[in-house]
file protein_15.txt (compact mmCIF, N, CA and C atoms)
# COMPACT_ATOMS: atom_id res chain seq x y z
N MET A 31 82.55 86.52 55.84
CA MET A 31 83.20 85.90 56.98
C MET A 31 84.72 85.92 56.80
N ILE A 32 85.20 85.52 55.65
CA ILE A 32 86.64 85.51 55.39
C ILE A 32 87.18 86.93 55.44
N PHE A 33 86.38 87.88 54.90
CA PHE A 33 86.80 89.27 54.89
C PHE A 33 86.99 89.80 56.31
N LYS A 34 86.08 89.44 57.25
CA LYS A 34 86.20 89.86 58.65
C LYS A 34 87.46 89.29 59.28
N LYS A 35 87.78 88.03 58.99
CA LYS A 35 88.99 87.40 59.54
C LYS A 35 90.24 88.10 59.03
N ILE A 36 90.25 88.44 57.75
CA ILE A 36 91.42 89.11 57.17
C ILE A 36 91.61 90.48 57.81
N ILE A 37 90.52 91.24 57.95
CA ILE A 37 90.60 92.56 58.57
C ILE A 37 91.05 92.43 60.02
N SER A 38 90.49 91.49 60.76
CA SER A 38 90.86 91.27 62.16
C SER A 38 92.34 90.90 62.26
N PHE A 39 92.80 90.02 61.38
CA PHE A 39 94.20 89.60 61.38
C PHE A 39 95.11 90.79 61.06
N SER A 40 94.71 91.63 60.10
CA SER A 40 95.51 92.78 59.70
C SER A 40 95.61 93.80 60.83
N VAL A 41 94.52 94.07 61.52
CA VAL A 41 94.52 95.03 62.63
C VAL A 41 95.41 94.52 63.76
N ASN A 42 95.29 93.24 64.08
CA ASN A 42 96.13 92.67 65.14
C ASN A 42 97.61 92.73 64.76
N SER A 43 97.94 92.42 63.54
CA SER A 43 99.32 92.45 63.06
C SER A 43 99.87 93.88 63.11
N LEU A 44 99.04 94.83 62.69
CA LEU A 44 99.44 96.22 62.70
C LEU A 44 99.70 96.70 64.13
N ALA A 45 98.83 96.36 65.05
CA ALA A 45 99.00 96.76 66.45
C ALA A 45 100.26 96.14 67.04
N LEU A 46 100.48 94.86 66.75
CA LEU A 46 101.67 94.18 67.25
C LEU A 46 102.95 94.81 66.68
N SER A 47 102.92 95.15 65.41
CA SER A 47 104.07 95.80 64.77
C SER A 47 104.35 97.16 65.39
N ALA A 48 103.31 97.92 65.66
CA ALA A 48 103.47 99.24 66.27
C ALA A 48 104.06 99.12 67.67
N ILE A 49 103.58 98.18 68.46
CA ILE A 49 104.10 97.97 69.81
C ILE A 49 105.57 97.55 69.74
N SER A 50 105.91 96.67 68.82
CA SER A 50 107.30 96.23 68.67
C SER A 50 108.20 97.39 68.28
N ALA A 51 107.73 98.22 67.36
CA ALA A 51 108.53 99.36 66.92
C ALA A 51 108.75 100.35 68.06
N LEU A 52 107.71 100.63 68.83
CA LEU A 52 107.85 101.55 69.97
C LEU A 52 108.79 100.99 71.02
N SER A 53 108.71 99.69 71.27
CA SER A 53 109.60 99.06 72.24
C SER A 53 111.05 99.17 71.78
N MET A 54 111.30 98.96 70.51
CA MET A 54 112.66 99.05 69.97
C MET A 54 113.18 100.49 70.07
N ILE A 55 112.33 101.47 69.77
CA ILE A 55 112.74 102.87 69.87
C ILE A 55 113.11 103.21 71.31
N LEU A 56 112.30 102.78 72.26
CA LEU A 56 112.60 103.05 73.67
C LEU A 56 113.89 102.37 74.11
N LEU A 57 114.10 101.15 73.68
CA LEU A 57 115.31 100.41 74.04
C LEU A 57 116.54 101.09 73.46
N LEU A 58 116.50 101.46 72.19
CA LEU A 58 117.63 102.12 71.56
C LEU A 58 117.87 103.50 72.17
N ASN A 59 116.81 104.19 72.52
CA ASN A 59 116.94 105.51 73.11
C ASN A 59 117.66 105.45 74.46
N GLN A 60 117.41 104.41 75.24
CA GLN A 60 118.07 104.27 76.53
C GLN A 60 119.58 104.08 76.35
N HIS A 61 119.99 103.31 75.35
CA HIS A 61 121.40 103.05 75.13
C HIS A 61 122.07 104.19 74.37
N ALA A 62 121.30 105.05 73.76
CA ALA A 62 121.87 106.15 73.00
C ALA A 62 122.31 107.30 73.90
N VAL A 63 121.84 107.32 75.14
CA VAL A 63 122.20 108.38 76.06
C VAL A 63 123.68 108.26 76.38
N ALA A 64 124.42 109.30 76.08
CA ALA A 64 125.86 109.28 76.34
C ALA A 64 126.27 110.62 76.92
N ALA A 65 127.32 110.59 77.70
CA ALA A 65 127.79 111.79 78.37
C ALA A 65 129.26 112.03 78.03
N ASP A 66 129.67 113.27 78.16
CA ASP A 66 131.08 113.62 78.03
C ASP A 66 131.64 113.86 79.43
N LEU A 67 132.85 113.35 79.66
CA LEU A 67 133.55 113.56 80.91
C LEU A 67 134.76 114.44 80.63
N THR A 68 134.79 115.61 81.23
CA THR A 68 135.92 116.53 81.11
C THR A 68 136.77 116.40 82.35
N VAL A 69 138.07 116.12 82.14
CA VAL A 69 139.01 115.98 83.25
C VAL A 69 139.99 117.14 83.19
N ASN A 70 139.93 118.00 84.20
CA ASN A 70 140.84 119.14 84.33
C ASN A 70 142.00 118.71 85.22
N ILE A 71 143.20 118.71 84.66
CA ILE A 71 144.38 118.22 85.36
C ILE A 71 145.28 119.41 85.68
N SER A 72 145.71 119.51 86.94
CA SER A 72 146.59 120.62 87.31
C SER A 72 147.81 120.11 88.07
N ASP A 73 148.74 121.02 88.33
CA ASP A 73 150.02 120.74 88.99
C ASP A 73 150.90 119.84 88.12
N ILE A 74 150.87 120.08 86.82
CA ILE A 74 151.67 119.34 85.85
C ILE A 74 153.05 120.00 85.75
N GLU A 75 154.09 119.18 85.64
CA GLU A 75 155.43 119.69 85.38
C GLU A 75 155.45 120.13 83.92
N GLN A 76 155.38 121.42 83.72
CA GLN A 76 155.22 122.02 82.41
C GLN A 76 156.35 121.64 81.44
N GLY A 77 155.96 121.21 80.25
CA GLY A 77 156.91 120.91 79.20
C GLY A 77 157.65 119.60 79.33
N LYS A 78 157.21 118.74 80.23
CA LYS A 78 157.91 117.47 80.45
C LYS A 78 157.01 116.29 80.09
N GLY A 79 157.24 115.71 78.91
CA GLY A 79 156.56 114.49 78.52
C GLY A 79 155.07 114.62 78.29
N HIS A 80 154.34 113.59 78.72
CA HIS A 80 152.90 113.49 78.53
C HIS A 80 152.22 113.12 79.84
N VAL A 81 150.94 113.45 79.91
CA VAL A 81 150.10 113.01 81.02
C VAL A 81 149.22 111.89 80.49
N LEU A 82 149.29 110.73 81.13
CA LEU A 82 148.50 109.57 80.72
C LEU A 82 147.35 109.37 81.69
N VAL A 83 146.16 109.23 81.14
CA VAL A 83 144.94 109.12 81.93
C VAL A 83 144.27 107.80 81.62
N GLY A 84 143.98 107.02 82.66
CA GLY A 84 143.23 105.78 82.51
C GLY A 84 141.87 105.93 83.17
N LEU A 85 140.81 105.64 82.43
CA LEU A 85 139.45 105.71 82.95
C LEU A 85 138.93 104.30 83.10
N TYR A 86 138.53 103.94 84.31
CA TYR A 86 138.12 102.58 84.66
C TYR A 86 136.61 102.55 84.91
N ALA A 87 135.93 101.59 84.27
CA ALA A 87 134.48 101.50 84.35
C ALA A 87 133.99 100.50 85.40
N SER A 88 134.93 99.89 86.14
CA SER A 88 134.51 98.95 87.18
C SER A 88 135.65 98.75 88.18
N GLN A 89 135.31 98.20 89.31
CA GLN A 89 136.31 97.91 90.34
C GLN A 89 137.30 96.86 89.82
N LYS A 90 136.80 95.88 89.09
CA LYS A 90 137.66 94.83 88.55
C LYS A 90 138.73 95.41 87.62
N GLU A 91 138.31 96.31 86.72
CA GLU A 91 139.26 96.96 85.81
C GLU A 91 140.27 97.79 86.59
N TYR A 92 139.77 98.54 87.56
CA TYR A 92 140.62 99.43 88.36
C TYR A 92 141.71 98.63 89.07
N GLU A 93 141.31 97.52 89.68
CA GLU A 93 142.27 96.70 90.42
C GLU A 93 143.25 95.98 89.50
N SER A 94 142.81 95.65 88.28
CA SER A 94 143.70 94.95 87.33
C SER A 94 144.61 95.92 86.59
N GLY A 95 144.26 97.21 86.59
CA GLY A 95 145.04 98.21 85.87
C GLY A 95 144.73 98.27 84.38
N LYS A 96 143.68 97.59 83.95
CA LYS A 96 143.28 97.58 82.54
C LYS A 96 142.11 98.54 82.33
N ALA A 97 142.44 99.75 81.91
CA ALA A 97 141.44 100.80 81.76
C ALA A 97 140.53 100.56 80.56
N SER A 98 139.28 100.99 80.69
CA SER A 98 138.32 100.93 79.58
C SER A 98 138.66 101.97 78.51
N PHE A 99 139.14 103.12 78.96
CA PHE A 99 139.43 104.23 78.06
C PHE A 99 140.76 104.86 78.48
N HIS A 100 141.50 105.37 77.49
CA HIS A 100 142.79 106.00 77.73
C HIS A 100 142.83 107.38 77.09
N SER A 101 143.68 108.22 77.63
CA SER A 101 143.95 109.51 77.01
C SER A 101 145.41 109.85 77.27
N LYS A 102 146.02 110.51 76.30
CA LYS A 102 147.41 110.94 76.42
C LYS A 102 147.47 112.40 76.00
N VAL A 103 147.93 113.25 76.93
CA VAL A 103 147.95 114.69 76.70
C VAL A 103 149.38 115.19 76.82
N LYS A 104 149.84 115.98 75.85
CA LYS A 104 151.17 116.59 75.92
C LYS A 104 151.19 117.55 77.10
N ALA A 105 152.23 117.46 77.92
CA ALA A 105 152.35 118.30 79.12
C ALA A 105 152.95 119.65 78.76
N MET A 106 152.20 120.46 78.06
CA MET A 106 152.68 121.77 77.60
C MET A 106 152.57 122.83 78.69
N ASN A 107 151.52 122.74 79.49
CA ASN A 107 151.23 123.78 80.48
C ASN A 107 151.12 123.15 81.87
N GLY A 108 150.98 123.98 82.87
CA GLY A 108 150.78 123.50 84.23
C GLY A 108 149.39 122.91 84.43
N LYS A 109 148.48 123.24 83.51
CA LYS A 109 147.12 122.69 83.53
C LYS A 109 146.77 122.21 82.14
N GLU A 110 146.17 121.04 82.06
CA GLU A 110 145.73 120.47 80.79
C GLU A 110 144.32 119.90 80.98
N VAL A 111 143.66 119.65 79.86
CA VAL A 111 142.30 119.11 79.87
C VAL A 111 142.23 117.95 78.90
N THR A 112 141.52 116.92 79.29
CA THR A 112 141.20 115.83 78.37
C THR A 112 139.71 115.53 78.50
N VAL A 113 139.11 115.11 77.40
CA VAL A 113 137.66 114.84 77.39
C VAL A 113 137.43 113.42 76.88
N PHE A 114 136.66 112.66 77.63
CA PHE A 114 136.19 111.35 77.20
C PHE A 114 134.76 111.55 76.72
N GLU A 115 134.51 111.25 75.44
CA GLU A 115 133.22 111.53 74.85
C GLU A 115 132.35 110.28 74.77
N ASN A 116 131.05 110.50 74.81
CA ASN A 116 130.03 109.47 74.60
C ASN A 116 130.14 108.29 75.57
N LEU A 117 130.35 108.60 76.83
CA LEU A 117 130.39 107.55 77.86
C LEU A 117 128.98 107.21 78.32
N PRO A 118 128.70 105.96 78.57
CA PRO A 118 127.42 105.63 79.20
C PRO A 118 127.41 106.17 80.63
N ASP A 119 126.28 106.62 81.09
CA ASP A 119 126.16 107.04 82.49
C ASP A 119 126.58 105.89 83.38
N GLY A 120 127.26 106.19 84.47
CA GLY A 120 127.67 105.14 85.39
C GLY A 120 128.78 105.56 86.31
N GLU A 121 129.35 104.58 86.96
CA GLU A 121 130.39 104.77 87.95
C GLU A 121 131.77 104.54 87.31
N TYR A 122 132.70 105.43 87.59
CA TYR A 122 134.05 105.35 87.01
C TYR A 122 135.08 105.74 88.07
N ALA A 123 136.35 105.46 87.76
CA ALA A 123 137.48 105.93 88.56
C ALA A 123 138.62 106.24 87.59
N ILE A 124 139.51 107.13 88.01
CA ILE A 124 140.62 107.55 87.15
C ILE A 124 141.94 107.39 87.87
N LYS A 125 142.96 106.94 87.10
CA LYS A 125 144.35 106.95 87.53
C LYS A 125 145.12 107.77 86.50
N ILE A 126 146.01 108.63 86.98
CA ILE A 126 146.79 109.50 86.09
C ILE A 126 148.25 109.47 86.53
N TYR A 127 149.15 109.54 85.56
CA TYR A 127 150.53 109.85 85.90
C TYR A 127 151.15 110.65 84.77
N GLN A 128 152.15 111.46 85.12
CA GLN A 128 152.87 112.24 84.13
C GLN A 128 154.15 111.51 83.78
N ASP A 129 154.23 111.06 82.55
CA ASP A 129 155.41 110.35 82.07
C ASP A 129 156.41 111.40 81.56
N GLU A 130 157.15 111.98 82.49
CA GLU A 130 158.01 113.11 82.19
C GLU A 130 159.10 112.77 81.17
N ASN A 131 159.60 111.55 81.19
CA ASN A 131 160.67 111.16 80.27
C ASN A 131 160.16 110.30 79.10
N ASP A 132 158.86 110.18 78.97
CA ASP A 132 158.22 109.44 77.87
C ASP A 132 158.75 108.02 77.69
N ASN A 133 158.96 107.32 78.80
CA ASN A 133 159.39 105.93 78.71
C ASN A 133 158.23 104.95 78.89
N ASN A 134 157.00 105.48 78.91
CA ASN A 134 155.76 104.69 79.01
C ASN A 134 155.64 103.88 80.29
N LYS A 135 156.23 104.37 81.36
CA LYS A 135 156.05 103.75 82.67
C LYS A 135 156.27 104.81 83.74
N MET A 136 155.71 104.55 84.90
CA MET A 136 155.90 105.45 86.02
C MET A 136 157.21 105.08 86.70
N ASP A 137 158.04 106.08 86.91
CA ASP A 137 159.35 105.83 87.51
C ASP A 137 159.30 106.07 89.02
N PHE A 138 160.05 105.22 89.75
CA PHE A 138 160.11 105.29 91.21
C PHE A 138 161.56 105.41 91.66
N ASN A 139 161.76 106.00 92.84
CA ASN A 139 163.11 106.06 93.39
C ASN A 139 163.42 104.74 94.12
N MET A 140 164.59 104.66 94.72
CA MET A 140 165.01 103.42 95.39
C MET A 140 164.11 103.05 96.56
N MET A 141 163.40 104.02 97.11
CA MET A 141 162.51 103.77 98.24
C MET A 141 161.09 103.38 97.79
N GLY A 142 160.87 103.38 96.48
CA GLY A 142 159.56 103.03 95.96
C GLY A 142 158.60 104.22 95.87
N ILE A 143 159.13 105.42 96.00
CA ILE A 143 158.32 106.64 95.93
C ILE A 143 158.32 107.13 94.48
N PRO A 144 157.16 107.48 93.95
CA PRO A 144 157.10 107.94 92.55
C PRO A 144 157.98 109.18 92.32
N LYS A 145 158.71 109.16 91.21
CA LYS A 145 159.54 110.29 90.81
C LYS A 145 158.78 111.22 89.88
N GLU A 146 157.63 110.76 89.38
CA GLU A 146 156.83 111.54 88.45
C GLU A 146 155.46 111.81 89.08
N GLY A 147 154.82 112.88 88.61
CA GLY A 147 153.51 113.24 89.16
C GLY A 147 152.45 112.19 88.89
N TYR A 148 151.55 112.04 89.83
CA TYR A 148 150.47 111.07 89.70
C TYR A 148 149.23 111.62 90.41
N GLY A 149 148.09 111.03 90.12
CA GLY A 149 146.86 111.45 90.76
C GLY A 149 145.73 110.46 90.51
N PHE A 150 144.66 110.65 91.27
CA PHE A 150 143.49 109.79 91.18
C PHE A 150 142.24 110.66 91.25
N SER A 151 141.15 110.13 90.74
CA SER A 151 139.88 110.85 90.87
C SER A 151 139.58 111.07 92.35
N ASN A 152 138.88 112.12 92.63
CA ASN A 152 138.54 112.58 93.98
C ASN A 152 139.78 113.07 94.74
N ASN A 153 140.92 113.21 94.04
CA ASN A 153 142.17 113.69 94.64
C ASN A 153 142.56 112.93 95.89
N VAL A 154 142.36 111.62 95.84
CA VAL A 154 142.77 110.75 96.95
C VAL A 154 144.07 110.05 96.55
N GLY A 155 144.75 109.45 97.49
CA GLY A 155 145.91 108.64 97.19
C GLY A 155 147.25 109.32 97.26
N MET A 156 147.36 110.36 98.04
CA MET A 156 148.65 111.05 98.14
C MET A 156 149.74 110.11 98.68
N PHE A 157 149.38 109.22 99.57
CA PHE A 157 150.37 108.33 100.20
C PHE A 157 150.22 106.88 99.76
N GLY A 158 149.78 106.68 98.53
CA GLY A 158 149.62 105.33 98.00
C GLY A 158 148.33 105.20 97.22
N ALA A 159 148.27 104.18 96.42
CA ALA A 159 147.10 103.97 95.56
C ALA A 159 145.84 103.75 96.41
N PRO A 160 144.82 104.54 96.16
CA PRO A 160 143.56 104.38 96.91
C PRO A 160 142.77 103.20 96.41
N LYS A 161 141.86 102.76 97.22
CA LYS A 161 140.92 101.71 96.82
C LYS A 161 139.90 102.32 95.85
N TYR A 162 139.29 101.46 95.08
CA TYR A 162 138.29 101.89 94.10
C TYR A 162 137.18 102.70 94.77
N GLU A 163 136.75 102.26 95.93
CA GLU A 163 135.65 102.94 96.63
C GLU A 163 135.99 104.40 96.93
N GLU A 164 137.27 104.71 97.14
CA GLU A 164 137.69 106.08 97.43
C GLU A 164 137.78 106.92 96.16
N ALA A 165 138.12 106.29 95.05
CA ALA A 165 138.36 107.02 93.81
C ALA A 165 137.15 107.09 92.88
N LYS A 166 136.14 106.29 93.13
CA LYS A 166 135.00 106.24 92.20
C LYS A 166 134.19 107.54 92.24
N PHE A 167 133.56 107.82 91.09
CA PHE A 167 132.67 108.97 90.97
C PHE A 167 131.61 108.63 89.94
N LEU A 168 130.57 109.43 89.90
CA LEU A 168 129.43 109.15 89.03
C LEU A 168 129.44 110.08 87.82
N VAL A 169 129.26 109.50 86.65
CA VAL A 169 129.06 110.27 85.42
C VAL A 169 127.60 110.15 85.07
N LYS A 170 126.94 111.28 85.05
CA LYS A 170 125.53 111.34 84.68
C LYS A 170 125.37 112.62 83.89
N GLU A 171 125.03 112.47 82.65
CA GLU A 171 125.01 113.58 81.71
C GLU A 171 126.45 114.09 81.58
N ASN A 172 126.65 115.30 81.13
CA ASN A 172 128.01 115.82 80.99
C ASN A 172 128.56 116.15 82.36
N THR A 173 129.79 115.71 82.62
CA THR A 173 130.41 115.82 83.94
C THR A 173 131.81 116.40 83.78
N ALA A 174 132.23 117.20 84.75
CA ALA A 174 133.61 117.70 84.79
C ALA A 174 134.18 117.44 86.17
N ILE A 175 135.44 116.98 86.21
CA ILE A 175 136.12 116.76 87.48
C ILE A 175 137.51 117.39 87.41
N ASP A 176 138.06 117.70 88.58
CA ASP A 176 139.39 118.29 88.69
C ASP A 176 140.29 117.31 89.42
N ILE A 177 141.49 117.11 88.88
CA ILE A 177 142.48 116.24 89.51
C ILE A 177 143.80 116.99 89.58
N ASP A 178 144.37 117.06 90.79
CA ASP A 178 145.67 117.67 91.01
C ASP A 178 146.70 116.56 91.12
N LEU A 179 147.82 116.72 90.39
CA LEU A 179 148.88 115.73 90.50
C LEU A 179 149.67 115.95 91.78
N PHE A 180 150.13 114.86 92.37
CA PHE A 180 150.97 114.92 93.57
C PHE A 180 152.43 114.90 93.14
call {"tool": "encode", "arguments": {"input": "protein_15.txt", "output": "structure tokens"}}
result
Amino acid sequence: MIFKKIISFSVNSLALSAISALSMILLLNQHAVAADLTVNISDIEQGKGHVLVGLYASQKEYESGKASFHSKVKAMNGKEVTVFENLPDGEYAIKIYQDENDNNKMDFNMMGIPKEGYGFSNNVGMFGAPKYEEAKFLVKENTAIDIDLF
């Protein structure tokens, strides 16, 4: 009788352990999925400063100007590429500007018009900063987007 209870207890424990292990593997596997985002930037003023790229993972971040991820690329050519690696699939938006004089800020003329190149995902915002809804895009698996500076 005691032997049957021990065997029954062991089988139940083993089954429960196996189910727990499989659940953990599935949970970890879902979070392990990551994508690379390649951003192809064009219309850069060649040889002038750096191109700064901010990648925003939510509307709140986008509106506050606090990017989740940053990239800084030397403006050597008229076209440059930056890659954000291992991003979770989801919705993002990008703001870019070329800091031609490397003063770490976007410069404006007396009328408030940018003196340095700028751009947004989906190539929106030629006449002012677009809303998040206009600039957002989806990253699912490896993704590439093109952004032209204004």
call {"tool": "closest_residue", "arguments": {"input": "protein_15.txt", "among": "A:Asn153, A:Gln89, A:Asn139, A:Gln76", "to": "Tyr122 in chain A", "atoms": "all atoms listed in the file"}}
result
A:Gln89
call {"tool": "residues_near_point", "arguments": {"input": "protein_15.txt", "point": "(155.7, 112.9, 86.8)", "cutoff": "7 Å", "atoms": "all atoms listed in the file", "output": "PyMOL selection string"}}
result
chain A and resi 75+127-131+145-148
call {"tool": "select_by_dssp", "arguments": {"input": "protein_15.txt", "residues": "range 53-146 of chain A", "states": "alpha helix (DSSP H)", "output": "PDB file with N, CA and C atoms, keeping the file's coordinate frame"}}
result
ATOM      1  N   SER A  53     108.710  99.690  71.270  1.00  0.00           N
ATOM      2  CA  SER A  53     109.600  99.060  72.240  1.00  0.00           C
ATOM      3  C   SER A  53     111.050  99.170  71.780  1.00  0.00           C
ATOM      4  N   MET A  54     111.300  98.960  70.510  1.00  0.00           N
ATOM      5  CA  MET A  54     112.660  99.050  69.970  1.00  0.00           C
ATOM      6  C   MET A  54     113.180 100.490  70.070  1.00  0.00           C
ATOM      7  N   ILE A  55     112.330 101.470  69.770  1.00  0.00           N
ATOM      8  CA  ILE A  55     112.740 102.870  69.870  1.00  0.00           C
ATOM      9  C   ILE A  55     113.110 103.210  71.310  1.00  0.00           C
ATOM     10  N   LEU A  56     112.300 102.780  72.260  1.00  0.00           N
ATOM     11  CA  LEU A  56     112.600 103.050  73.670  1.00  0.00           C
ATOM     12  C   LEU A  56     113.890 102.370  74.110  1.00  0.00           C
ATOM     13  N   LEU A  57     114.100 101.150  73.680  1.00  0.00           N
ATOM     14  CA  LEU A  57     115.310 100.410  74.040  1.00  0.00           C
ATOM     15  C   LEU A  57     116.540 101.090  73.460  1.00  0.00           C
ATOM     16  N   LEU A  58     116.500 101.460  72.190  1.00  0.00           N
ATOM     17  CA  LEU A  58     117.630 102.120  71.560  1.00  0.00           C
ATOM     18  C   LEU A  58     117.870 103.500  72.170  1.00  0.00           C
ATOM     19  N   ASN A  59     116.810 104.190  72.520  1.00  0.00           N
ATOM     20  CA  ASN A  59     116.940 105.510  73.110  1.00  0.00           C
ATOM     21  C   ASN A  59     117.660 105.450  74.460  1.00  0.00           C
ATOM     22  N   GLN A  60     117.410 104.410  75.240  1.00  0.00           N
ATOM     23  CA  GLN A  60     118.070 104.270  76.530  1.00  0.00           C
ATOM     24  C   GLN A  60     119.580 104.080  76.350  1.00  0.00           C
ATOM     25  N   HIS A  61     119.990 103.310  75.350  1.00  0.00           N
ATOM     26  CA  HIS A  61     121.400 103.050  75.130  1.00  0.00           C
ATOM     27  C   HIS A  61     122.070 104.190  74.370  1.00  0.00           C
ATOM     28  N   ALA A  62     121.300 105.050  73.760  1.00  0.00           N
ATOM     29  CA  ALA A  62     121.870 106.150  73.000  1.00  0.00           C
ATOM     30  C   ALA A  62     122.310 107.300  73.900  1.00  0.00           C
ATOM     31  N   GLN A  89     135.310  98.200  89.310  1.00  0.00           N
ATOM     32  CA  GLN A  89     136.310  97.910  90.340  1.00  0.00           C
ATOM     33  C   GLN A  89     137.300  96.860  89.820  1.00  0.00           C
ATOM     34  N   LYS A  90     136.800  95.880  89.090  1.00  0.00           N
ATOM     35  CA  LYS A  90     137.660  94.830  88.550  1.00  0.00           C
ATOM     36  C   LYS A  90     138.730  95.410  87.620  1.00  0.00           C
ATOM     37  N   GLU A  91     138.310  96.310  86.720  1.00  0.00           N
ATOM     38  CA  GLU A  91     139.260  96.960  85.810  1.00  0.00           C
ATOM     39  C   GLU A  91     140.270  97.790  86.590  1.00  0.00           C
ATOM     40  N   TYR A  92     139.770  98.540  87.560  1.00  0.00           N
ATOM     41  CA  TYR A  92     140.620  99.430  88.360  1.00  0.00           C
ATOM     42  C   TYR A  92     141.710  98.630  89.070  1.00  0.00           C
ATOM     43  N   GLU A  93     141.310  97.520  89.680  1.00  0.00           N
ATOM     44  CA  GLU A  93     142.270  96.700  90.420  1.00  0.00           C
ATOM     45  C   GLU A  93     143.250  95.980  89.500  1.00  0.00           C
ATOM     46  N   SER A  94     142.810  95.650  88.280  1.00  0.00           N
ATOM     47  CA  SER A  94     143.700  94.950  87.330  1.00  0.00           C
ATOM     48  C   SER A  94     144.610  95.920  86.590  1.00  0.00           C
TER      49      SER A  94
END
call {"tool": "closest_residue", "arguments": {"input": "protein_15.txt", "among": "A:Lys90, A:Ile74, A:Ile124, A:Asp119", "to": "Ala105 in chain A", "atoms": "only N, CA and C atoms"}}
result
A:Ile74
call {"tool": "residues_around", "arguments": {"input": "protein_15.txt", "residues": "Val83 in chain A", "least_positions_apart": "6", "cutoff": "6 Å", "atoms": "all atoms listed in the file", "output": "list in words"}}
result
Phe99, His100, Ser101, Lys102, Lys125, Ile126 and Tyr127 of chain A
call {"tool": "atom_distance", "arguments": {"input": "protein_15.txt", "atom1": "atom C of Val113 in chain A", "atom2": "atom C of Leu67 in chain A"}}
result
4.7 Å
call {"tool": "closest_residue", "arguments": {"input": "protein_15.txt", "among": "A:Ile71, A:Ala159, A:Ala64, A:Leu82", "to": "Asn172 in chain A", "atoms": "only N, CA and C atoms"}}
result
A:Ala64
call {"tool": "decode", "arguments": {"input": "protein_15.txt", "residues": "range 62-82 of chain A", "atoms": "C-alpha atoms", "output": "PDB file, in the first residue's frame"}}
result
ATOM      1  CA  ALA A  62      13.630  35.326 -26.984  1.00  0.00           C
ATOM      2  CA  VAL A  63      12.223  36.302 -30.386  1.00  0.00           C
ATOM      3  CA  ALA A  64      14.100  39.393 -31.465  1.00  0.00           C
ATOM      4  CA  ALA A  65      14.387  41.286 -34.714  1.00  0.00           C
ATOM      5  CA  ASP A  66      16.928  43.567 -36.319  1.00  0.00           C
ATOM      6  CA  LEU A  67      15.814  46.924 -37.693  1.00  0.00           C
ATOM      7  CA  THR A  68      17.936  48.326 -40.521  1.00  0.00           C
ATOM      8  CA  VAL A  69      17.506  52.054 -41.147  1.00  0.00           C
ATOM      9  CA  ASN A  70      18.749  53.293 -44.525  1.00  0.00           C
ATOM     10  CA  ILE A  71      19.267  57.058 -44.335  1.00  0.00           C
ATOM     11  CA  SER A  72      19.712  59.184 -47.454  1.00  0.00           C
ATOM     12  CA  ASP A  73      20.077  62.850 -48.478  1.00  0.00           C
ATOM     13  CA  ILE A  74      22.805  63.370 -45.870  1.00  0.00           C
ATOM     14  CA  GLU A  75      25.106  66.389 -46.126  1.00  0.00           C
ATOM     15  CA  GLN A  76      28.249  64.401 -46.820  1.00  0.00           C
ATOM     16  CA  GLY A  77      31.164  64.851 -44.439  1.00  0.00           C
ATOM     17  CA  LYS A  78      29.329  67.110 -42.004  1.00  0.00           C
ATOM     18  CA  GLY A  79      29.059  65.895 -38.411  1.00  0.00           C
ATOM     19  CA  HIS A  80      26.919  62.943 -37.376  1.00  0.00           C
ATOM     20  CA  VAL A  81      23.428  61.622 -37.966  1.00  0.00           C
ATOM     21  CA  LEU A  82      21.580  60.973 -34.705  1.00  0.00           C
TER      22      LEU A  82
END
